[in-house]
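Student: Input file: my_file-v2.tsv. Contents: TSV, N, CA and C atoms.
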chain	number	residue	atom	x	y	z
J	1	ASP	N	5.69	-8.72	6.32
J	1	ASP	CA	5.93	-7.41	6.89
J	1	ASP	C	5.65	-6.35	5.82
J	2	LEU	N	4.47	-5.77	5.86
J	2	LEU	CA	4.08	-4.81	4.83
J	2	LEU	C	4.90	-3.52	4.87
J	3	THR	N	5.64	-3.30	5.95
J	3	THR	CA	6.46	-2.09	6.02
J	3	THR	C	7.67	-2.17	5.09
J	4	LYS	N	7.90	-3.30	4.47
J	4	LYS	CA	8.97	-3.42	3.47
J	4	LYS	C	8.58	-2.70	2.17
J	5	ILE	N	7.30	-2.35	2.05
J	5	ILE	CA	6.80	-1.63	0.89
J	5	ILE	C	7.07	-0.14	1.10
J	6	GLU	N	7.71	0.49	0.12
J	6	GLU	CA	7.99	1.92	0.19
J	6	GLU	C	6.69	2.69	0.36
J	7	GLY	N	6.64	3.53	1.41
J	7	GLY	CA	5.44	4.33	1.67
J	7	GLY	C	4.55	3.77	2.76
J	8	ILE	N	4.85	2.55	3.24
J	8	ILE	CA	4.05	1.93	4.30
J	8	ILE	C	4.89	1.84	5.57
J	9	GLY	N	4.41	2.51	6.60
J	9	GLY	CA	5.03	2.42	7.91
J	9	GLY	C	4.16	1.59	8.83
J	10	PRO	N	4.54	1.49	10.10
J	10	PRO	CA	3.78	0.66	11.04
J	10	PRO	C	2.31	1.06	11.18
J	11	LYS	N	2.01	2.34	11.21
J	11	LYS	CA	0.62	2.78	11.37
J	11	LYS	C	-0.22	2.43	10.15
J	12	ILE	N	0.34	2.65	8.96
J	12	ILE	CA	-0.40	2.30	7.74
J	12	ILE	C	-0.57	0.79	7.64
J	13	ALA	N	0.43	0.03	8.06
J	13	ALA	CA	0.30	-1.43	8.06
J	13	ALA	C	-0.87	-1.85	8.94
J	14	GLU	N	-1.07	-1.17	10.08
J	14	GLU	CA	-2.21	-1.46	10.95
J	14	GLU	C	-3.53	-1.14	10.25
J	15	ILE	N	-3.56	-0.04	9.52
J	15	ILE	CA	-4.77	0.34	8.78
J	15	ILE	C	-5.09	-0.72	7.73
J	16	LEU	N	-4.07	-1.20	7.05
J	16	LEU	CA	-4.28	-2.23	6.03
J	16	LEU	C	-4.80	-3.52	6.65
J	17	LYS	N	-4.27	-3.88	7.81
J	17	LYS	CA	-4.75	-5.09	8.50
J	17	LYS	C	-6.21	-4.93	8.89
J	18	PHE	N	-6.60	-3.73	9.29
J	18	PHE	CA	-8.00	-3.45	9.60
J	18	PHE	C	-8.87	-3.69	8.35
J	19	GLY	N	-8.30	-3.42	7.17
J	19	GLY	CA	-9.00	-3.65	5.91
J	19	GLY	C	-8.82	-5.07	5.37
J	20	LYS	N	-8.32	-5.97	6.23
J	20	LYS	CA	-8.13	-7.39	5.89
J	20	LYS	C	-7.06	-7.60	4.82
J	21	ILE	N	-6.05	-6.75	4.84
J	21	ILE	CA	-4.90	-6.89	3.95
J	21	ILE	C	-3.73	-7.27	4.85
J	22	TYR	N	-3.35	-8.54	4.79
J	22	TYR	CA	-2.35	-9.07	5.71
J	22	TYR	C	-1.02	-9.43	5.04
J	23	THR	N	-1.07	-9.79	3.77
J	23	THR	CA	0.11	-10.32	3.09
J	23	THR	C	0.44	-9.50	1.84
J	24	TYR	N	1.62	-9.76	1.31
J	24	TYR	CA	1.99	-9.12	0.04
J	24	TYR	C	0.99	-9.49	-1.05
J	25	SER	N	0.57	-10.74	-1.06
J	25	SER	CA	-0.40	-11.19	-2.07
J	25	SER	C	-1.73	-10.45	-1.91
J	26	ASP	N	-2.17	-10.29	-0.67
J	26	ASP	CA	-3.40	-9.53	-0.41
J	26	ASP	C	-3.27	-8.11	-0.98
J	27	LEU	N	-2.14	-7.47	-0.66
J	27	LEU	CA	-1.93	-6.10	-1.09
J	27	LEU	C	-1.81	-6.01	-2.61
J	28	ALA	N	-1.13	-6.98	-3.21
J	28	ALA	CA	-0.97	-6.98	-4.67
J	28	ALA	C	-2.31	-7.08	-5.38
J	29	GLY	N	-3.28	-7.76	-4.77
J	29	GLY	CA	-4.59	-7.94	-5.37
J	29	GLY	C	-5.62	-6.89	-5.00
J	30	THR	N	-5.19	-5.86	-4.29
J	30	THR	CA	-6.10	-4.82	-3.84
J	30	THR	C	-6.06	-3.62	-4.76
J	31	LYS	N	-7.21	-3.15	-5.16
J	31	LYS	CA	-7.29	-1.97	-6.03
J	31	LYS	C	-6.85	-0.73	-5.27
J	32	VAL	N	-6.18	0.17	-5.98
J	32	VAL	CA	-5.70	1.42	-5.39
J	32	VAL	C	-6.85	2.20	-4.78
J	33	GLU	N	-8.03	2.15	-5.38
J	33	GLU	CA	-9.19	2.86	-4.87
J	33	GLU	C	-9.55	2.39	-3.45
J	34	LYS	N	-9.48	1.08	-3.22
J	34	LYS	CA	-9.79	0.56	-1.88
J	34	LYS	C	-8.73	1.03	-0.90
J	35	LEU	N	-7.46	1.02	-1.32
J	35	LEU	CA	-6.40	1.50	-0.43
J	35	LEU	C	-6.62	2.96	-0.06
J	36	SER	N	-6.99	3.76	-1.05
J	36	SER	CA	-7.25	5.18	-0.80
J	36	SER	C	-8.43	5.36	0.15
J	37	THR	N	-9.45	4.54	0.00
J	37	THR	CA	-10.61	4.60	0.88
J	37	THR	C	-10.22	4.28	2.32
J	38	LEU	N	-9.37	3.26	2.51
J	38	LEU	CA	-8.91	2.92	3.85
J	38	LEU	C	-8.13	4.06	4.47
J	39	LEU	N	-7.25	4.67	3.68
J	39	LEU	CA	-6.46	5.80	4.18
J	39	LEU	C	-7.34	7.00	4.51
J	40	ASP	N	-8.31	7.29	3.64
J	40	ASP	CA	-9.23	8.40	3.88
J	40	ASP	C	-10.01	8.19	5.18
J	41	ALA	N	-10.46	6.96	5.40
J	41	ALA	CA	-11.25	6.65	6.59
J	41	ALA	C	-10.42	6.76	7.87
J	42	ALA	N	-9.10	6.61	7.74
J	42	ALA	CA	-8.21	6.67	8.91
J	42	ALA	C	-7.95	8.10	9.38
J	43	GLY	N	-8.34	9.07	8.56
J	43	GLY	CA	-8.21	10.46	8.98
J	43	GLY	C	-7.22	11.26	8.16
J	44	PRO	N	-7.19	12.56	8.41
J	44	PRO	CA	-6.38	13.47	7.60
J	44	PRO	C	-4.89	13.18	7.62
J	45	ARG	N	-4.42	12.59	8.69
J	45	ARG	CA	-2.99	12.27	8.78
J	45	ARG	C	-2.56	11.27	7.71
J	46	PHE	N	-3.48	10.46	7.25
J	46	PHE	CA	-3.15	9.40	6.30
J	46	PHE	C	-3.63	9.69	4.88
J	47	GLN	N	-4.47	10.71	4.72
J	47	GLN	CA	-5.05	11.01	3.42
J	47	GLN	C	-4.02	11.51	2.41
J	48	MET	N	-2.89	12.00	2.88
J	48	MET	CA	-1.88	12.54	1.98
J	48	MET	C	-1.03	11.46	1.32
J	49	HIS	N	-1.12	10.23	1.81
J	49	HIS	CA	-0.31	9.14	1.27
J	49	HIS	C	-0.87	8.65	-0.06
J	50	ASP	N	0.02	8.32	-0.96
J	50	ASP	CA	-0.37	7.84	-2.29
J	50	ASP	C	-0.06	6.35	-2.40
J	51	PRO	N	-1.09	5.49	-2.40
J	51	PRO	CA	-0.86	4.05	-2.47
J	51	PRO	C	-0.72	3.51	-3.89
J	52	GLY	N	-0.55	4.38	-4.85
J	52	GLY	CA	-0.54	3.96	-6.25
J	52	GLY	C	0.46	2.87	-6.61
J	53	SER	N	1.61	2.86	-5.98
J	53	SER	CA	2.63	1.86	-6.32
J	53	SER	C	2.60	0.64	-5.40
J	54	TRP	N	1.82	0.69	-4.35
J	54	TRP	CA	1.85	-0.39	-3.37
J	54	TRP	C	1.50	-1.76	-3.93
J	55	PRO	N	0.43	-1.90	-4.72
J	55	PRO	CA	0.13	-3.23	-5.27
J	55	PRO	C	1.26	-3.77	-6.16
J	56	ARG	N	1.85	-2.92	-6.94
J	56	ARG	CA	2.96	-3.37	-7.82
J	56	ARG	C	4.15	-3.83	-6.97
J	57	GLN	N	4.50	-3.02	-5.97
J	57	GLN	CA	5.60	-3.41	-5.09
J	57	GLN	C	5.30	-4.73	-4.39
J	58	ALA	N	4.08	-4.86	-3.89
J	58	ALA	CA	3.68	-6.07	-3.18
J	58	ALA	C	3.70	-7.29	-4.09
J	59	GLY	N	3.36	-7.10	-5.35
J	59	GLY	CA	3.41	-8.21	-6.31
J	59	GLY	C	4.83	-8.72	-6.48
J	60	LEU	N	5.77	-7.80	-6.55
J	60	LEU	CA	7.18	-8.20	-6.66
J	60	LEU	C	7.63	-8.92	-5.40
J	61	ALA	N	7.24	-8.40	-4.24
J	61	ALA	CA	7.60	-9.04	-2.97
J	61	ALA	C	6.99	-10.42	-2.86
J	62	ALA	N	5.73	-10.56	-3.24
J	62	ALA	CA	5.04	-11.85	-3.16
J	62	ALA	C	5.71	-12.88	-4.06
J	63	ALA	N	6.26	-12.41	-5.18
J	63	ALA	CA	6.93	-13.31	-6.12
J	63	ALA	C	8.39	-13.55	-5.76
J	64	GLY	N	8.84	-12.92	-4.68
J	64	GLY	CA	10.23	-13.09	-4.27
J	64	GLY	C	11.24	-12.37	-5.15
J	65	LYS	N	10.76	-11.38	-5.88
J	65	LYS	CA	11.63	-10.61	-6.79
J	65	LYS	C	12.20	-9.40	-6.05
J	66	TRP	N	13.04	-9.67	-5.06
J	66	TRP	CA	13.55	-8.64	-4.17
J	66	TRP	C	14.46	-7.65	-4.88
J	67	ASP	N	15.25	-8.14	-5.85
J	67	ASP	CA	16.14	-7.22	-6.58
J	67	ASP	C	15.32	-6.24	-7.41
J	68	GLU	N	14.28	-6.74	-8.07
J	68	GLU	CA	13.41	-5.87	-8.87
J	68	GLU	C	12.66	-4.89	-7.96
J	69	LEU	N	12.24	-5.37	-6.80
J	69	LEU	CA	11.56	-4.50	-5.85
J	69	LEU	C	12.49	-3.38	-5.41
J	70	GLN	N	13.73	-3.72	-5.10
J	70	GLN	CA	14.68	-2.71	-4.66
J	70	GLN	C	14.93	-1.67	-5.75
J	71	LYS	N	15.03	-2.14	-6.99
J	71	LYS	CA	15.24	-1.23	-8.12
J	71	LYS	C	14.05	-0.26	-8.25
J	72	LEU	N	12.84	-0.79	-8.14
J	72	LEU	CA	11.64	0.04	-8.20
J	72	LEU	C	11.62	1.04	-7.05
J	73	GLN	N	11.92	0.57	-5.85
J	73	GLN	CA	11.89	1.45	-4.69
J	73	GLN	C	12.94	2.55	-4.78
J	74	ASP	N	14.06	2.26	-5.41
J	74	ASP	CA	15.09	3.28	-5.60
J	74	ASP	C	14.58	4.42	-6.47
J	75	GLU	N	13.60	4.12	-7.34
J	75	GLU	CA	13.03	5.11	-8.25
J	75	GLU	C	11.87	5.88	-7.62
J	76	LEU	N	11.32	5.35	-6.53
J	76	LEU	CA	10.15	5.96	-5.89
J	76	LEU	C	10.55	7.03	-4.90
J	77	ASP	N	9.61	7.91	-4.64
J	77	ASP	CA	9.81	8.96	-3.65
J	77	ASP	C	8.64	8.90	-2.66
J	78	GLY	N	8.88	8.25	-1.53
J	78	GLY	CA	7.82	8.14	-0.51
J	78	GLY	C	6.66	7.27	-0.93
J	79	GLY	N	6.92	6.27	-1.77
J	79	GLY	CA	5.86	5.35	-2.17
J	79	GLY	C	5.10	5.79	-3.40
J	80	LYS	N	5.50	6.89	-4.01
J	80	LYS	CA	4.76	7.42	-5.18
J	80	LYS	C	5.34	6.86	-6.46
Show the structure stored in the file as C-alpha cells.

Tutor:
Amino acid sequence: DLTKIEGIGPKIAEILKFGKIYTYSDLAGTKVEKLSTLLDAAGPRFQMHDPGSWPRQAGLAAAGKWDELQKLQDELDGGK
C-alpha cells in the first residue's frame, strides 16, 4: 500500500502504478527524477508534489523498519 508513504495518496498511487511502480521496493529503487516526470505528466494538479523523500521512506518500509519510517514521517511536512 504505497499510501503509507507520506505525501502519497490514492491518486498518486495510481499514477505510480501506471509507471510500473507497485511495491515499496520498486519505489525505493526509483530515481526522484522519474517520479517527478510521472507527476508532471499527470497534470498540474500533481506537479506541486515533491517526491524527494519517497524512495527513502519506501526503502524503510520495504525493510520492515516501521519505527524508523514513523520517525522520519514525523519530521516530514507533506512528503517533503

Student: Rounded to one decimal, what separation in Å do you get between CA of Leu39 (chain J) and CA of Ile15 (chain J)?

Tutor: 7.3 Å

Student: Between CA of Ser36 (chain J) and CA of Asp50 (chain J), what is the distance in Å, rounded to a tenth?

Tutor: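 So the two atoms, CA of Ser36 (chain J) and CA of Asp50 (chain J), lie 7.5 Å apart.
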
Student: Point out the residue among J:Leu76, J:Ala58, J:Ile8, J:Ala63 with the least atom-to-atom distance to Leu27 (chain J), counting only C-alpha atoms.

Tutor: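 Closest to Leu27 (chain J) of all the choices is J:Ala58.
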
Student: Would you return as a ChimeraX atom specification the members of chain J that DSSP assigns to helix (DSSP H, G or I) on this structure's backbone?

Tutor: /J:2-4,10-18,24-28,32-41,44-47,54-62,66-75

Student: Within 8 Å of (-2.0, -6.7, -3.7), only C-alpha atoms: residues as a tab-separated table (two decimals) with N, CA and C atoms, in the coordinates of the input?

Tutor:
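Written output follows (point-v7.tsv):
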chain	number	residue	atom	x	y	z
J	23	THR	N	-1.07	-9.79	3.77
J	23	THR	CA	0.11	-10.32	3.09
J	23	THR	C	0.44	-9.50	1.84
J	24	TYR	N	1.62	-9.76	1.31
J	24	TYR	CA	1.99	-9.12	0.04
J	24	TYR	C	0.99	-9.49	-1.05
J	25	SER	N	0.57	-10.74	-1.06
J	25	SER	CA	-0.40	-11.19	-2.07
J	25	SER	C	-1.73	-10.45	-1.91
J	26	ASP	N	-2.17	-10.29	-0.67
J	26	ASP	CA	-3.40	-9.53	-0.41
J	26	ASP	C	-3.27	-8.11	-0.98
J	27	LEU	N	-2.14	-7.47	-0.66
J	27	LEU	CA	-1.93	-6.10	-1.09
J	27	LEU	C	-1.81	-6.01	-2.61
J	28	ALA	N	-1.13	-6.98	-3.21
J	28	ALA	CA	-0.97	-6.98	-4.67
J	28	ALA	C	-2.31	-7.08	-5.38
J	29	GLY	N	-3.28	-7.76	-4.77
J	29	GLY	CA	-4.59	-7.94	-5.37
J	29	GLY	C	-5.62	-6.89	-5.00
J	30	THR	N	-5.19	-5.86	-4.29
J	30	THR	CA	-6.10	-4.82	-3.84
J	30	THR	C	-6.06	-3.62	-4.76
J	31	LYS	N	-7.21	-3.15	-5.16
J	31	LYS	CA	-7.29	-1.97	-6.03
J	31	LYS	C	-6.85	-0.73	-5.27
J	54	TRP	N	1.82	0.69	-4.35
J	54	TRP	CA	1.85	-0.39	-3.37
J	54	TRP	C	1.50	-1.76	-3.93
J	55	PRO	N	0.43	-1.90	-4.72
J	55	PRO	CA	0.13	-3.23	-5.27
J	55	PRO	C	1.26	-3.77	-6.16
J	56	ARG	N	1.85	-2.92	-6.94
J	56	ARG	CA	2.96	-3.37	-7.82
J	56	ARG	C	4.15	-3.83	-6.97
J	58	ALA	N	4.08	-4.86	-3.89
J	58	ALA	CA	3.68	-6.07	-3.18
J	58	ALA	C	3.70	-7.29	-4.09
J	59	GLY	N	3.36	-7.10	-5.35
J	59	GLY	CA	3.41	-8.21	-6.31
J	59	GLY	C	4.83	-8.72	-6.48

Student: Between atom N of Lys71 (chain J) and atom C of Pro10 (chain J), what distance in Å does the model show, to one decimal?

Tutor: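 Computing it gives 22.4 Å between the two atoms.
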
Student: So, with only C-alpha atoms as the atoms that count, which of J:Glu75, J:Gln70, J:Phe18, J:Lys4 lies closest to Ala41 (chain J)?

Tutor: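 Comparing J:Glu75, J:Gln70, J:Phe18, J:Lys4 against Ala41 (chain J), the winner is J:Phe18.
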
Student: Counting all atoms listed in the file, which residue out of J:Ile5, J:Glu33, J:Lys11, J:Gly43 sits closest to Gln73 (chain J)?

Tutor: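 Nearest candidate to Gln73 (chain J) out of J:Ile5, J:Glu33, J:Lys11, J:Gly43: J:Ile5.
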
Student: When you look at Gln57 (chain J) with a cut-off of 6.5 Å (counting all atoms listed in the file), what residues show up, excluding the ones that are within fewer than 4 positions of it in the same chain? I need them as a PyMOL selection string.

Tutor: chain J and resi 5+53+61-62+69

Student: Around all the atoms of region 33-36 of chain J listed in the file, draw an axis-aligned box and extend it by 4 Å on each of the six sides; I want its centre and edge lengths in Å to one decimal, as lines of an AutoDock Vina configuration file.

Tutor:
center_x = -8.1
center_y = 3.0
center_z = -2.6
size_x = 11.4
size_y = 12.8
size_z = 13.5

Student: What would region 7-18 of chain J look like with all heavy atoms in place, written as an mmCIF file, in the coordinates of the input?

Tutor:
data_model
loop_
_atom_site.group_PDB
_atom_site.id
_atom_site.type_symbol
_atom_site.label_atom_id
_atom_site.label_comp_id
_atom_site.auth_asym_id
_atom_site.auth_seq_id
_atom_site.Cartn_x
_atom_site.Cartn_y
_atom_site.Cartn_z
ATOM 1 N N GLY J 7 6.640 3.530 1.410
ATOM 2 C CA GLY J 7 5.440 4.330 1.670
ATOM 3 C C GLY J 7 4.550 3.770 2.760
ATOM 4 O O GLY J 7 3.598 4.422 3.181
ATOM 5 N N ILE J 8 4.850 2.550 3.240
ATOM 6 C CA ILE J 8 4.050 1.930 4.300
ATOM 7 C C ILE J 8 4.890 1.840 5.570
ATOM 8 O O ILE J 8 5.941 1.198 5.576
ATOM 9 C CB ILE J 8 3.550 0.528 3.897
ATOM 10 C CG1 ILE J 8 2.623 0.621 2.693
ATOM 11 C CG2 ILE J 8 2.835 -0.137 5.079
ATOM 12 C CD1 ILE J 8 2.090 -0.705 2.210
ATOM 13 N N GLY J 9 4.410 2.510 6.600
ATOM 14 C CA GLY J 9 5.030 2.420 7.910
ATOM 15 C C GLY J 9 4.160 1.590 8.830
ATOM 16 O O GLY J 9 3.130 1.052 8.410
ATOM 17 N N PRO J 10 4.540 1.490 10.100
ATOM 18 C CA PRO J 10 3.780 0.660 11.040
ATOM 19 C C PRO J 10 2.310 1.060 11.180
ATOM 20 O O PRO J 10 1.439 0.186 11.252
ATOM 21 C CB PRO J 10 4.518 0.858 12.361
ATOM 22 C CG PRO J 10 5.910 1.264 11.974
ATOM 23 C CD PRO J 10 5.769 2.030 10.694
ATOM 24 N N LYS J 11 2.010 2.340 11.210
ATOM 25 C CA LYS J 11 0.620 2.780 11.370
ATOM 26 C C LYS J 11 -0.220 2.430 10.150
ATOM 27 O O LYS J 11 -1.357 1.967 10.271
ATOM 28 C CB LYS J 11 0.546 4.290 11.621
ATOM 29 C CG LYS J 11 1.165 4.704 12.924
ATOM 30 C CD LYS J 11 0.285 4.289 14.081
ATOM 31 C CE LYS J 11 0.850 4.862 15.374
ATOM 32 N NZ LYS J 11 0.175 4.370 16.542
ATOM 33 N N ILE J 12 0.340 2.650 8.960
ATOM 34 C CA ILE J 12 -0.400 2.300 7.740
ATOM 35 C C ILE J 12 -0.570 0.790 7.640
ATOM 36 O O ILE J 12 -1.614 0.309 7.207
ATOM 37 C CB ILE J 12 0.263 2.912 6.494
ATOM 38 C CG1 ILE J 12 0.113 4.439 6.542
ATOM 39 C CG2 ILE J 12 -0.342 2.334 5.207
ATOM 40 C CD1 ILE J 12 0.752 5.181 5.398
ATOM 41 N N ALA J 13 0.430 0.030 8.060
ATOM 42 C CA ALA J 13 0.300 -1.430 8.060
ATOM 43 C C ALA J 13 -0.870 -1.850 8.940
ATOM 44 O O ALA J 13 -1.626 -2.765 8.584
ATOM 45 C CB ALA J 13 1.599 -2.077 8.532
ATOM 46 N N GLU J 14 -1.070 -1.170 10.080
ATOM 47 C CA GLU J 14 -2.210 -1.460 10.950
ATOM 48 C C GLU J 14 -3.530 -1.140 10.250
ATOM 49 O O GLU J 14 -4.493 -1.904 10.359
ATOM 50 C CB GLU J 14 -2.123 -0.638 12.236
ATOM 51 C CG GLU J 14 -1.054 -1.099 13.188
ATOM 52 C CD GLU J 14 -0.983 -0.242 14.438
ATOM 53 O OE1 GLU J 14 -2.031 0.326 14.836
ATOM 54 O OE2 GLU J 14 0.108 -0.128 15.002
ATOM 55 N N ILE J 15 -3.560 -0.040 9.520
ATOM 56 C CA ILE J 15 -4.770 0.340 8.780
ATOM 57 C C ILE J 15 -5.090 -0.720 7.730
ATOM 58 O O ILE J 15 -6.244 -1.110 7.553
ATOM 59 C CB ILE J 15 -4.589 1.721 8.118
ATOM 60 C CG1 ILE J 15 -4.506 2.808 9.199
ATOM 61 C CG2 ILE J 15 -5.710 2.018 7.127
ATOM 62 C CD1 ILE J 15 -3.997 4.142 8.694
ATOM 63 N N LEU J 16 -4.070 -1.200 7.050
ATOM 64 C CA LEU J 16 -4.280 -2.230 6.030
ATOM 65 C C LEU J 16 -4.800 -3.520 6.650
ATOM 66 O O LEU J 16 -5.694 -4.166 6.103
ATOM 67 C CB LEU J 16 -2.986 -2.478 5.251
ATOM 68 C CG LEU J 16 -2.470 -1.289 4.444
ATOM 69 C CD1 LEU J 16 -1.149 -1.628 3.767
ATOM 70 C CD2 LEU J 16 -3.491 -0.822 3.422
ATOM 71 N N LYS J 17 -4.270 -3.880 7.810
ATOM 72 C CA LYS J 17 -4.750 -5.090 8.500
ATOM 73 C C LYS J 17 -6.210 -4.930 8.890
ATOM 74 O O LYS J 17 -6.980 -5.883 8.808
ATOM 75 C CB LYS J 17 -3.887 -5.388 9.722
ATOM 76 C CG LYS J 17 -2.531 -5.921 9.351
ATOM 77 C CD LYS J 17 -1.661 -6.178 10.555
ATOM 78 C CE LYS J 17 -0.278 -6.615 10.093
ATOM 79 N NZ LYS J 17 0.655 -6.749 11.223
ATOM 80 N N PHE J 18 -6.600 -3.730 9.290
ATOM 81 C CA PHE J 18 -8.000 -3.450 9.600
ATOM 82 C C PHE J 18 -8.870 -3.690 8.350
ATOM 83 O O PHE J 18 -10.015 -4.130 8.459
ATOM 84 C CB PHE J 18 -8.165 -2.007 10.094
ATOM 85 C CG PHE J 18 -9.571 -1.633 10.423
ATOM 86 C CD1 PHE J 18 -10.170 -2.061 11.597
ATOM 87 C CD2 PHE J 18 -10.309 -0.852 9.546
ATOM 88 C CE1 PHE J 18 -11.481 -1.723 11.895
ATOM 89 C CE2 PHE J 18 -11.619 -0.505 9.839
ATOM 90 C CZ PHE J 18 -12.208 -0.938 11.019
#
